[in-house]
$ cat structure31.pdb   # PDB, C-alpha atoms and all ligand atoms
ATOM      1  CA  MET X   1      24.234  10.437  28.202  1.00  0.00           C
ATOM      2  CA  GLY X   2      24.265  10.926  24.409  1.00  0.00           C
ATOM      3  CA  LEU X   3      21.896   9.159  22.073  1.00  0.00           C
ATOM      4  CA  ASN X   4      23.056   6.025  20.269  1.00  0.00           C
ATOM      5  CA  GLN X   5      22.346   6.082  16.570  1.00  0.00           C
ATOM      6  CA  LEU X   6      20.750   2.986  15.095  1.00  0.00           C
ATOM      7  CA  VAL X   7      19.553   2.306  11.567  1.00  0.00           C
ATOM      8  CA  LEU X   8      16.194   0.634  10.997  1.00  0.00           C
ATOM      9  CA  ALA X   9      16.754  -1.604   7.990  1.00  0.00           C
ATOM     10  CA  THR X  10      13.474  -0.801   6.256  1.00  0.00           C
ATOM     11  CA  ARG X  11      11.885   1.684   3.869  1.00  0.00           C
ATOM     12  CA  ASN X  12       8.354   0.874   5.030  1.00  0.00           C
ATOM     13  CA  ARG X  13       7.169   4.209   6.522  1.00  0.00           C
ATOM     14  CA  ASP X  14       4.392   2.534   8.519  1.00  0.00           C
ATOM     15  CA  LYS X  15       6.876   0.263  10.248  1.00  0.00           C
ATOM     16  CA  VAL X  16       9.321   3.116  10.888  1.00  0.00           C
ATOM     17  CA  LYS X  17       6.558   5.172  12.547  1.00  0.00           C
ATOM     18  CA  GLU X  18       5.477   2.282  14.741  1.00  0.00           C
ATOM     19  CA  ILE X  19       8.999   1.332  15.791  1.00  0.00           C
ATOM     20  CA  ARG X  20       9.917   4.956  16.648  1.00  0.00           C
ATOM     21  CA  HIS X  21       6.812   5.111  18.836  1.00  0.00           C
ATOM     22  CA  ILE X  22       7.524   1.794  20.582  1.00  0.00           C
ATOM     23  CA  MET X  23      11.157   2.742  21.225  1.00  0.00           C
ATOM     24  CA  MET X  24      10.671   6.439  21.986  1.00  0.00           C
ATOM     25  CA  ASN X  25      11.815   6.311  25.598  1.00  0.00           C
ATOM     26  CA  GLY X  26      15.245   4.786  25.050  1.00  0.00           C
ATOM     27  CA  HIS X  27      18.683   6.316  24.658  1.00  0.00           C
ATOM     28  CA  TRP X  28      18.693   5.909  20.929  1.00  0.00           C
ATOM     29  CA  GLU X  29      17.890   7.753  17.795  1.00  0.00           C
ATOM     30  CA  PHE X  30      16.641   5.896  14.752  1.00  0.00           C
ATOM     31  CA  LEU X  31      17.563   6.560  11.181  1.00  0.00           C
ATOM     32  CA  SER X  32      16.022   4.333   8.519  1.00  0.00           C
ATOM     33  CA  LEU X  33      16.879   3.310   4.976  1.00  0.00           C
ATOM     34  CA  LEU X  34      14.740   6.247   3.837  1.00  0.00           C
ATOM     35  CA  ASP X  35      17.812   8.255   4.920  1.00  0.00           C
ATOM     36  CA  PHE X  36      20.017   6.149   2.628  1.00  0.00           C
ATOM     37  CA  PRO X  37      18.196   6.225  -0.726  1.00  0.00           C
ATOM     38  CA  GLU X  38      21.288   5.104  -2.645  1.00  0.00           C
ATOM     39  CA  MET X  39      21.439   1.738  -0.872  1.00  0.00           C
ATOM     40  CA  ALA X  40      20.159  -1.077  -3.125  1.00  0.00           C
ATOM     41  CA  GLU X  41      17.024  -3.040  -2.194  1.00  0.00           C
ATOM     42  CA  VAL X  42      17.753  -6.251  -0.297  1.00  0.00           C
ATOM     43  CA  ALA X  43      16.061  -9.242  -1.936  1.00  0.00           C
ATOM     44  CA  GLU X  44      13.833 -10.910   0.667  1.00  0.00           C
ATOM     45  CA  ASP X  45      14.422 -14.387  -0.699  1.00  0.00           C
ATOM     46  CA  GLY X  46      15.050 -16.248   2.563  1.00  0.00           C
ATOM     47  CA  LYS X  47      12.985 -19.264   3.579  1.00  0.00           C
ATOM     48  CA  THR X  48      12.188 -17.843   6.997  1.00  0.00           C
ATOM     49  CA  LEU X  49      11.508 -14.497   8.660  1.00  0.00           C
ATOM     50  CA  LEU X  50      14.805 -14.915  10.519  1.00  0.00           C
ATOM     51  CA  ASP X  51      16.767 -15.453   7.278  1.00  0.00           C
ATOM     52  CA  ASN X  52      15.305 -12.261   5.831  1.00  0.00           C
ATOM     53  CA  ALA X  53      15.721 -10.184   8.970  1.00  0.00           C
ATOM     54  CA  LEU X  54      19.381 -11.263   9.290  1.00  0.00           C
ATOM     55  CA  LYS X  55      19.982 -10.442   5.656  1.00  0.00           C
ATOM     56  CA  LYS X  56      18.399  -6.985   5.966  1.00  0.00           C
ATOM     57  CA  ALA X  57      20.227  -6.090   9.205  1.00  0.00           C
ATOM     58  CA  ARG X  58      23.632  -7.224   7.884  1.00  0.00           C
ATOM     59  CA  ALA X  59      23.185  -5.408   4.564  1.00  0.00           C
ATOM     60  CA  ALA X  60      22.129  -2.186   6.325  1.00  0.00           C
ATOM     61  CA  TYR X  61      25.154  -2.375   8.632  1.00  0.00           C
ATOM     62  CA  ARG X  62      27.528  -3.003   5.707  1.00  0.00           C
ATOM     63  CA  TRP X  63      26.204   0.023   3.817  1.00  0.00           C
ATOM     64  CA  THR X  64      25.727   2.493   6.666  1.00  0.00           C
ATOM     65  CA  LYS X  65      28.563   1.359   8.983  1.00  0.00           C
ATOM     66  CA  THR X  66      26.077   1.990  11.785  1.00  0.00           C
ATOM     67  CA  ALA X  67      24.528  -0.589  14.107  1.00  0.00           C
ATOM     68  CA  SER X  68      21.355  -1.758  12.362  1.00  0.00           C
ATOM     69  CA  ILE X  69      18.070  -3.362  13.304  1.00  0.00           C
ATOM     70  CA  ALA X  70      15.742  -5.201  10.930  1.00  0.00           C
ATOM     71  CA  ASP X  71      12.182  -6.367  11.486  1.00  0.00           C
ATOM     72  CA  ASP X  72      10.677  -9.110   9.357  1.00  0.00           C
ATOM     73  CA  THR X  73       7.030  -9.805  10.020  1.00  0.00           C
ATOM     74  CA  GLY X  74       4.578 -12.366   8.716  1.00  0.00           C
ATOM     75  CA  LEU X  75       0.905 -13.159   9.168  1.00  0.00           C
ATOM     76  CA  GLU X  76       0.467 -16.924   9.673  1.00  0.00           C
ATOM     77  CA  VAL X  77      -3.035 -18.180   8.946  1.00  0.00           C
ATOM     78  CA  ASP X  78      -3.710 -21.701  10.268  1.00  0.00           C
ATOM     79  CA  GLN X  79      -6.253 -22.554   7.596  1.00  0.00           C
ATOM     80  CA  LEU X  80      -3.636 -21.676   4.935  1.00  0.00           C
ATOM     81  CA  ASN X  81      -0.914 -23.795   6.578  1.00  0.00           C
ATOM     82  CA  GLY X  82       0.929 -20.731   7.821  1.00  0.00           C
ATOM     83  CA  ASP X  83       0.638 -18.629   4.649  1.00  0.00           C
ATOM     84  CA  PRO X  84       1.234 -15.850   3.752  1.00  0.00           C
ATOM     85  CA  GLY X  85       4.005 -15.987   6.400  1.00  0.00           C
ATOM     86  CA  VAL X  86       7.344 -14.973   4.983  1.00  0.00           C
ATOM     87  CA  ARG X  87       5.562 -13.843   1.780  1.00  0.00           C
ATOM     88  CA  SER X  88       3.171 -11.456   3.537  1.00  0.00           C
ATOM     89  CA  SER X  89       4.233  -8.338   1.618  1.00  0.00           C
ATOM     90  CA  ARG X  90       3.961  -9.994  -1.796  1.00  0.00           C
ATOM     91  CA  PHE X  91       1.097 -12.402  -1.149  1.00  0.00           C
ATOM     92  CA  ALA X  92      -0.899 -11.153  -4.158  1.00  0.00           C
ATOM     93  CA  GLY X  93       2.217 -10.593  -6.327  1.00  0.00           C
ATOM     94  CA  GLU X  94       5.229  -8.265  -6.648  1.00  0.00           C
ATOM     95  CA  ASN X  95       4.656  -4.552  -5.910  1.00  0.00           C
ATOM     96  CA  VAL X  96       1.065  -4.977  -4.804  1.00  0.00           C
ATOM     97  CA  SER X  97      -0.882  -2.802  -2.362  1.00  0.00           C
ATOM     98  CA  TYR X  98      -1.938  -3.705   1.173  1.00  0.00           C
ATOM     99  CA  ARG X  99      -5.476  -3.833  -0.245  1.00  0.00           C
ATOM    100  CA  ASP X 100      -4.523  -6.414  -2.917  1.00  0.00           C
ATOM    101  CA  ASN X 101      -3.060  -8.696  -0.243  1.00  0.00           C
ATOM    102  CA  ASN X 102      -6.101  -8.290   2.000  1.00  0.00           C
ATOM    103  CA  GLU X 103      -8.475  -9.052  -0.875  1.00  0.00           C
ATOM    104  CA  LYS X 104      -6.578 -12.254  -1.676  1.00  0.00           C
ATOM    105  CA  LEU X 105      -6.734 -13.294   1.973  1.00  0.00           C
ATOM    106  CA  LEU X 106     -10.493 -12.642   2.109  1.00  0.00           C
ATOM    107  CA  ARG X 107     -10.977 -14.637  -1.090  1.00  0.00           C
ATOM    108  CA  LEU X 108      -9.017 -17.654   0.149  1.00  0.00           C
ATOM    109  CA  LEU X 109     -10.901 -17.696   3.447  1.00  0.00           C
ATOM    110  CA  GLN X 110     -14.301 -16.980   1.904  1.00  0.00           C
ATOM    111  CA  ASP X 111     -16.140 -20.051   3.171  1.00  0.00           C
ATOM    112  CA  VAL X 112     -14.141 -20.620   6.320  1.00  0.00           C
ATOM    113  CA  PRO X 113     -16.140 -20.227   9.567  1.00  0.00           C
ATOM    114  CA  ARG X 114     -14.917 -17.837  12.265  1.00  0.00           C
ATOM    115  CA  GLU X 115     -13.639 -20.550  14.625  1.00  0.00           C
ATOM    116  CA  LYS X 116     -11.255 -21.774  11.920  1.00  0.00           C
ATOM    117  CA  ARG X 117      -9.909 -18.333  10.992  1.00  0.00           C
ATOM    118  CA  THR X 118      -7.196 -18.309  13.667  1.00  0.00           C
ATOM    119  CA  ALA X 119      -3.901 -16.597  12.828  1.00  0.00           C
ATOM    120  CA  ARG X 120      -0.930 -14.865  14.354  1.00  0.00           C
ATOM    121  CA  PHE X 121       1.504 -12.113  13.533  1.00  0.00           C
ATOM    122  CA  ARG X 122       5.097 -13.126  14.090  1.00  0.00           C
ATOM    123  CA  CYS X 123       7.783 -10.452  14.177  1.00  0.00           C
ATOM    124  CA  ILE X 124      11.487 -11.240  14.170  1.00  0.00           C
ATOM    125  CA  VAL X 125      13.840  -8.410  15.057  1.00  0.00           C
ATOM    126  CA  VAL X 126      17.579  -8.685  14.398  1.00  0.00           C
ATOM    127  CA  PHE X 127      20.441  -6.449  15.570  1.00  0.00           C
ATOM    128  CA  ALA X 128      23.777  -6.471  13.691  1.00  0.00           C
ATOM    129  CA  ASP X 129      26.817  -4.241  14.106  1.00  0.00           C
ATOM    130  CA  GLY X 130      29.557  -6.250  12.421  1.00  0.00           C
ATOM    131  CA  ARG X 131      30.584  -7.855  15.744  1.00  0.00           C
ATOM    132  CA  LYS X 132      27.457  -8.844  17.634  1.00  0.00           C
ATOM    133  CA  GLU X 133      24.208 -10.295  16.340  1.00  0.00           C
ATOM    134  CA  LYS X 134      21.037 -10.839  18.335  1.00  0.00           C
ATOM    135  CA  TRP X 135      17.490 -11.808  17.438  1.00  0.00           C
ATOM    136  CA  VAL X 136      14.209 -11.758  19.320  1.00  0.00           C
ATOM    137  CA  GLU X 137      10.623 -12.680  18.472  1.00  0.00           C
ATOM    138  CA  GLY X 138       7.186 -11.271  19.272  1.00  0.00           C
ATOM    139  CA  ILE X 139       3.862 -12.985  18.568  1.00  0.00           C
ATOM    140  CA  CYS X 140       0.263 -11.777  18.690  1.00  0.00           C
ATOM    141  CA  GLU X 141      -2.631 -14.230  18.289  1.00  0.00           C
ATOM    142  CA  GLY X 142      -5.890 -13.305  16.572  1.00  0.00           C
ATOM    143  CA  ILE X 143      -8.574 -14.074  14.017  1.00  0.00           C
ATOM    144  CA  VAL X 144      -8.883 -13.006  10.376  1.00  0.00           C
ATOM    145  CA  LEU X 145     -12.281 -11.312  10.000  1.00  0.00           C
ATOM    146  CA  SER X 146     -14.429 -11.716   6.888  1.00  0.00           C
ATOM    147  CA  GLU X 147     -14.809  -7.947   6.447  1.00  0.00           C
ATOM    148  CA  TYR X 148     -12.722  -4.830   7.061  1.00  0.00           C
ATOM    149  CA  CYS X 149     -13.034  -3.185  10.457  1.00  0.00           C
ATOM    150  CA  GLY X 150     -11.312   0.094  11.364  1.00  0.00           C
ATOM    151  CA  VAL X 151      -9.152   2.598   9.520  1.00  0.00           C
ATOM    152  CA  GLY X 152      -5.967   2.826  11.627  1.00  0.00           C
ATOM    153  CA  GLY X 153      -2.734   0.868  11.363  1.00  0.00           C
ATOM    154  CA  PHE X 154      -1.557  -0.577   8.055  1.00  0.00           C
ATOM    155  CA  GLY X 155      -1.228  -3.823   6.093  1.00  0.00           C
ATOM    156  CA  TYR X 156      -3.512  -6.578   7.356  1.00  0.00           C
ATOM    157  CA  ASP X 157      -4.600  -4.554  10.433  1.00  0.00           C
ATOM    158  CA  PRO X 158      -8.263  -3.993   9.362  1.00  0.00           C
ATOM    159  CA  LEU X 159      -8.764  -7.781   9.120  1.00  0.00           C
ATOM    160  CA  PHE X 160      -6.802  -8.829  12.215  1.00  0.00           C
ATOM    161  CA  TYR X 161      -9.086  -9.115  15.251  1.00  0.00           C
ATOM    162  CA  VAL X 162      -7.578  -9.556  18.707  1.00  0.00           C
ATOM    163  CA  PRO X 163     -10.087 -11.406  20.938  1.00  0.00           C
ATOM    164  CA  GLU X 164      -8.552 -10.218  24.230  1.00  0.00           C
ATOM    165  CA  LYS X 165      -9.239  -6.593  23.174  1.00  0.00           C
ATOM    166  CA  GLY X 166     -12.473  -7.158  21.239  1.00  0.00           C
ATOM    167  CA  LYS X 167     -11.259  -5.157  18.234  1.00  0.00           C
ATOM    168  CA  THR X 168      -9.007  -5.212  15.216  1.00  0.00           C
ATOM    169  CA  PHE X 169      -5.561  -3.615  15.185  1.00  0.00           C
ATOM    170  CA  ALA X 170      -7.076  -1.002  12.841  1.00  0.00           C
ATOM    171  CA  GLU X 171      -9.614  -0.029  15.526  1.00  0.00           C
ATOM    172  CA  MET X 172      -6.939   0.481  18.174  1.00  0.00           C
ATOM    173  CA  SER X 173      -5.002   3.630  18.980  1.00  0.00           C
ATOM    174  CA  ARG X 174      -1.268   3.535  18.324  1.00  0.00           C
ATOM    175  CA  GLU X 175      -0.675   2.998  22.046  1.00  0.00           C
ATOM    176  CA  GLU X 176      -3.168   0.114  22.252  1.00  0.00           C
ATOM    177  CA  LYS X 177      -1.731  -1.709  19.256  1.00  0.00           C
ATOM    178  CA  ASN X 178       1.877  -1.271  20.347  1.00  0.00           C
ATOM    179  CA  ALA X 179       1.109  -2.484  23.880  1.00  0.00           C
ATOM    180  CA  ILE X 180       0.030  -5.942  22.663  1.00  0.00           C
ATOM    181  CA  SER X 181       1.364  -6.330  19.133  1.00  0.00           C
ATOM    182  CA  HIS X 182       4.007  -8.719  17.802  1.00  0.00           C
ATOM    183  CA  ARG X 183       6.193  -5.698  16.968  1.00  0.00           C
ATOM    184  CA  GLY X 184       5.688  -4.067  20.362  1.00  0.00           C
ATOM    185  CA  LYS X 185       6.666  -7.270  22.155  1.00  0.00           C
ATOM    186  CA  ALA X 186       9.715  -7.934  19.970  1.00  0.00           C
ATOM    187  CA  PHE X 187      11.063  -4.375  20.091  1.00  0.00           C
ATOM    188  CA  ARG X 188      10.602  -4.089  23.849  1.00  0.00           C
ATOM    189  CA  LEU X 189      12.671  -7.278  24.236  1.00  0.00           C
ATOM    190  CA  MET X 190      15.284  -5.855  21.879  1.00  0.00           C
ATOM    191  CA  GLY X 191      15.236  -2.586  23.845  1.00  0.00           C
ATOM    192  CA  GLU X 192      16.037  -4.440  27.070  1.00  0.00           C
ATOM    193  CA  TRP X 193      18.963  -6.185  25.421  1.00  0.00           C
ATOM    194  CA  LEU X 194      20.221  -2.974  23.792  1.00  0.00           C
ATOM    195  CA  LYS X 195      20.269  -1.142  27.128  1.00  0.00           C
ATOM    196  CA  ASN X 196      22.873  -3.616  28.336  1.00  0.00           C
ATOM    197  CA  VAL X 197      25.103  -3.619  25.269  1.00  0.00           C
ATOM    198  CA  LEU X 198      25.056   0.055  24.259  1.00  0.00           C
ATOM    199  CA  ASP X 199      27.027   2.649  26.257  1.00  0.00           C
TER     200      ASP X 199
HETATM  201  P1  LIG X 201      10.724  -4.230   4.876  1.00  0.00           P
HETATM  202  O1  LIG X 201      10.993  -5.661   4.599  1.00  0.00           O
HETATM  203  O2  LIG X 201      11.411  -3.305   3.933  1.00  0.00           O
HETATM  204  O3  LIG X 201      10.979  -3.873   6.299  1.00  0.00           O
HETATM  205  P2  LIG X 201       7.973  -4.960   4.330  1.00  0.00           P
HETATM  206  O4  LIG X 201       6.743  -4.145   4.010  1.00  0.00           O
HETATM  207  O5  LIG X 201       8.389  -6.002   3.354  1.00  0.00           O
HETATM  208  O6  LIG X 201       9.153  -3.933   4.645  1.00  0.00           O
HETATM  209  P3  LIG X 201       7.675  -7.064   6.312  1.00  0.00           P
HETATM  210  O7  LIG X 201       8.321  -8.016   5.371  1.00  0.00           O
HETATM  211  O8  LIG X 201       8.161  -7.049   7.708  1.00  0.00           O
HETATM  212  O9  LIG X 201       7.755  -5.562   5.764  1.00  0.00           O
HETATM  213  O10 LIG X 201       6.115  -7.290   6.410  1.00  0.00           O
HETATM  214  C1  LIG X 201       5.426  -7.962   5.403  1.00  0.00           C
HETATM  215  C2  LIG X 201       4.037  -7.437   5.251  1.00  0.00           C
HETATM  216  O11 LIG X 201       3.260  -7.843   6.378  1.00  0.00           O
HETATM  217  C3  LIG X 201       3.889  -5.917   5.204  1.00  0.00           C
HETATM  218  O12 LIG X 201       4.094  -5.410   3.913  1.00  0.00           O
HETATM  219  C4  LIG X 201       2.458  -5.734   5.674  1.00  0.00           C
HETATM  220  O13 LIG X 201       1.570  -5.972   4.618  1.00  0.00           O
HETATM  221  C5  LIG X 201       2.312  -6.865   6.676  1.00  0.00           C
HETATM  222  N1  LIG X 201       2.553  -6.386   8.050  1.00  0.00           N
HETATM  223  C6  LIG X 201       3.725  -6.295   8.710  1.00  0.00           C
HETATM  224  N2  LIG X 201       3.536  -5.815   9.948  1.00  0.00           N
HETATM  225  C7  LIG X 201       2.214  -5.598  10.085  1.00  0.00           C
HETATM  226  C8  LIG X 201       1.385  -5.116  11.114  1.00  0.00           C
HETATM  227  O14 LIG X 201       1.881  -4.723  12.283  1.00  0.00           O
HETATM  228  N3  LIG X 201       0.069  -5.029  10.885  1.00  0.00           N
HETATM  229  C9  LIG X 201      -0.469  -5.416   9.710  1.00  0.00           C
HETATM  230  N4  LIG X 201       0.238  -5.868   8.680  1.00  0.00           N
HETATM  231  C10 LIG X 201       1.576  -5.965   8.856  1.00  0.00           C
END
$ encode --input "structure31.pdb" --output "C-alpha cells"
Amino acid sequence: MGLNQLVLATRNRDKVKEIRHIMMNGHWEFLSLLDFPEMAEVAEDGKTLLDNALKKARAAYRWTKTASIADDTGLEVDQLNGDPGVRSSRFAGENVSYRDNNEKLLRLLQDVPREKRTARFRCIVVFADGRKEKWVEGICEGIVLSEYCGVGGFGYDPLFYVPEKGKTFAEMSREEKNAISHRGKAFRLMGEWLKNVLD
C-alpha cells in the first residue's frame, strides 16, 4: 500500500516533530507548511480552538490541494478562568518567546498555592480535504508549577506537571509525553478515523 500524503497546517517545528512521532506507524507521510513557505499566515482570530483549527485546516487544503490536518492547542488554567486558552501562543503579546509566556504565567500565579494551580492542555485536531471535515479532542490534566522543571519538550512543558507521572512534560522522554499528552490522545483518535477513510 502506498503512503497517503497529508499536510500538517502548522509552521511550528516543535509540533511537527511531535506529530510525526505520534503518527509514525501509519500509512501516511506528513508535509507541513514549512514545505509551503509562500502560503500566507492564517490569522488565529477565532473565539475557540475549534474555530482556529478549522480555519487553519481549510486554508492549508485550499492552498496545497492536499488533505490537511490542523492542531490548535491551549493551556487552560482554572485560577485564570481558562486563560491563556485560545491565546496560549500570544499570551505575553505578539511574536513573543515561549519563555515570555511562561514568565507571565508564573507572575500571574505567584501567590497561588499548589492545590489551586490546576490546569489542562486541550488539543483540537481538524481534518479537511474539501469534501470531508472531522474534528477530535485530546485533554491532559495537570498542575502549573511555580518553577521550571526539566529541559525537554517545548512551550509550557517545563511548568506543566502531570501528577499521574510525577513529573513535568519537560522531564519526560518523547515517548512518555506522547503516550499521555493532549496531542498524543487527539492524534491517535484522528489516526483511527483516518485509517477508515483513506485508501
Ligand atoms: P500553529 O498555530 O501554527 O500550529 P502555534 O505555536 O500557534 O502554531 P498552537 O496555537 O496550537 O500552536 O499552540 C499555542 C501555544 O501553546 C504554543 O505556541 C505553545 O506555547 C503552547 N503549546 C502547544 N502545545 C504544547 C505542548 O504540547 N506543550 C507545551 N506547550 C504547548
$ residues_near_point --input "structure31.pdb" --point "(-2.7, 2.7, 7.3)" --cutoff "12 Å" --atoms "only C-alpha atoms" --output "PDB file with C-alpha atoms, keeping the file's coordinate frame"
ATOM      1  CA  ASN X  12       8.354   0.874   5.030  1.00  0.00           C
ATOM      2  CA  ARG X  13       7.169   4.209   6.522  1.00  0.00           C
ATOM      3  CA  ASP X  14       4.392   2.534   8.519  1.00  0.00           C
ATOM      4  CA  LYS X  15       6.876   0.263  10.248  1.00  0.00           C
ATOM      5  CA  LYS X  17       6.558   5.172  12.547  1.00  0.00           C
ATOM      6  CA  GLU X  18       5.477   2.282  14.741  1.00  0.00           C
ATOM      7  CA  SER X  97      -0.882  -2.802  -2.362  1.00  0.00           C
ATOM      8  CA  TYR X  98      -1.938  -3.705   1.173  1.00  0.00           C
ATOM      9  CA  ARG X  99      -5.476  -3.833  -0.245  1.00  0.00           C
ATOM     10  CA  GLY X 150     -11.312   0.094  11.364  1.00  0.00           C
ATOM     11  CA  VAL X 151      -9.152   2.598   9.520  1.00  0.00           C
ATOM     12  CA  GLY X 152      -5.967   2.826  11.627  1.00  0.00           C
ATOM     13  CA  GLY X 153      -2.734   0.868  11.363  1.00  0.00           C
ATOM     14  CA  PHE X 154      -1.557  -0.577   8.055  1.00  0.00           C
ATOM     15  CA  GLY X 155      -1.228  -3.823   6.093  1.00  0.00           C
ATOM     16  CA  TYR X 156      -3.512  -6.578   7.356  1.00  0.00           C
ATOM     17  CA  ASP X 157      -4.600  -4.554  10.433  1.00  0.00           C
ATOM     18  CA  PRO X 158      -8.263  -3.993   9.362  1.00  0.00           C
ATOM     19  CA  PHE X 169      -5.561  -3.615  15.185  1.00  0.00           C
ATOM     20  CA  ALA X 170      -7.076  -1.002  12.841  1.00  0.00           C
ATOM     21  CA  GLU X 171      -9.614  -0.029  15.526  1.00  0.00           C
ATOM     22  CA  MET X 172      -6.939   0.481  18.174  1.00  0.00           C
ATOM     23  CA  SER X 173      -5.002   3.630  18.980  1.00  0.00           C
ATOM     24  CA  ARG X 174      -1.268   3.535  18.324  1.00  0.00           C
TER      25      ARG X 174
END
$ residues_around --input "structure31.pdb" --residues "segment 71-87 of chain X" --least-positions-apart "6" --cutoff "8 Å" --atoms "only C-alpha atoms" --output "PDB file with C-alpha atoms, in the frame of the given file"
ATOM      1  CA  ALA X   9      16.754  -1.604   7.990  1.00  0.00           C
ATOM      2  CA  THR X  10      13.474  -0.801   6.256  1.00  0.00           C
ATOM      3  CA  LYS X  47      12.985 -19.264   3.579  1.00  0.00           C
ATOM      4  CA  THR X  48      12.188 -17.843   6.997  1.00  0.00           C
ATOM      5  CA  LEU X  49      11.508 -14.497   8.660  1.00  0.00           C
ATOM      6  CA  LEU X  50      14.805 -14.915  10.519  1.00  0.00           C
ATOM      7  CA  ASN X  52      15.305 -12.261   5.831  1.00  0.00           C
ATOM      8  CA  ALA X  53      15.721 -10.184   8.970  1.00  0.00           C
ATOM      9  CA  LEU X 109     -10.901 -17.696   3.447  1.00  0.00           C
ATOM     10  CA  LYS X 116     -11.255 -21.774  11.920  1.00  0.00           C
ATOM     11  CA  ARG X 117      -9.909 -18.333  10.992  1.00  0.00           C
ATOM     12  CA  THR X 118      -7.196 -18.309  13.667  1.00  0.00           C
ATOM     13  CA  ALA X 119      -3.901 -16.597  12.828  1.00  0.00           C
ATOM     14  CA  ARG X 120      -0.930 -14.865  14.354  1.00  0.00           C
ATOM     15  CA  PHE X 121       1.504 -12.113  13.533  1.00  0.00           C
ATOM     16  CA  ARG X 122       5.097 -13.126  14.090  1.00  0.00           C
ATOM     17  CA  CYS X 123       7.783 -10.452  14.177  1.00  0.00           C
ATOM     18  CA  ILE X 124      11.487 -11.240  14.170  1.00  0.00           C
ATOM     19  CA  VAL X 125      13.840  -8.410  15.057  1.00  0.00           C
ATOM     20  CA  VAL X 126      17.579  -8.685  14.398  1.00  0.00           C
ATOM     21  CA  VAL X 144      -8.883 -13.006  10.376  1.00  0.00           C
TER      22      VAL X 144
END
$ axis_aligned_box --input "structure31.pdb" --around "ligand LIG 201 (chain X)" --padding-each-side "6 Å" --output "lines of an AutoDock Vina configuration file"
center_x = 5.5
center_y = -5.7
center_z = 7.8
size_x = 23.9
size_y = 16.7
size_z = 20.9
$ resolve_selection --input "structure31.pdb" --expression "the PyMOL selection byres (((chain X and resi 188) around 12) and not hetatm)" --output "count of residues only"
30
$ closest_residue --input "structure31.pdb" --among "X:Phe160, X:Arg131, X:Asp111, X:Ala59" --to "Val7 of chain X" --atoms "all atoms listed in the file"
X:Ala59
$ atom_distance --input "structure31.pdb" --atom1 "atom CA of Arg114 of chain X" --atom2 "atom CA of Cys140 of chain X"
17.6 Å
$ atom_distance --input "structure31.pdb" --atom1 "atom CA of Leu34 of chain X" --atom2 "atom O3 of ligand LIG 201 (chain X)"
11.1 Å
$ closest_residue --input "structure31.pdb" --among "X:Ser32, X:Asn4, X:Thr66, X:Ser89" --to "ligand LIG 201 (chain X)" --atoms "all atoms listed in the file"
X:Ser89
$ closest_residue --input "structure31.pdb" --among "X:Tyr61, X:Tyr161, X:Trp28, X:Trp135" --to "ligand LIG 201 (chain X)" --atoms "only C-alpha atoms and all ligand atoms"
X:Tyr161
$ atom_distance --input "structure31.pdb" --atom1 "atom CA of Leu198 of chain X" --atom2 "atom CA of Asp129 of chain X"
11.2 Å
$ closest_residue --input "structure31.pdb" --among "X:Glu29, X:Lys177, X:Phe127, X:Lys104" --to "ligand LIG 201 (chain X)" --atoms "only C-alpha atoms and all ligand atoms"
X:Lys177
$ resolve_selection --input "structure31.pdb" --expression "the PyMOL selection byres (((chain X and resi 38) around 12) and not hetatm)" --output "ChimeraX atom specification"
/X:11,33-37,39-41,60,63-64
$ closest_residue --input "structure31.pdb" --among "X:Gly93, X:Pro163, X:Pro113, X:Gly130" --to "ligand LIG 201 (chain X)" --atoms "all atoms listed in the file"
X:Gly93
$ closest_residue --input "structure31.pdb" --among "X:Arg62, X:Leu31, X:Gly46, X:Ala70" --to "ligand LIG 201 (chain X)" --atoms "all atoms listed in the file"
X:Ala70
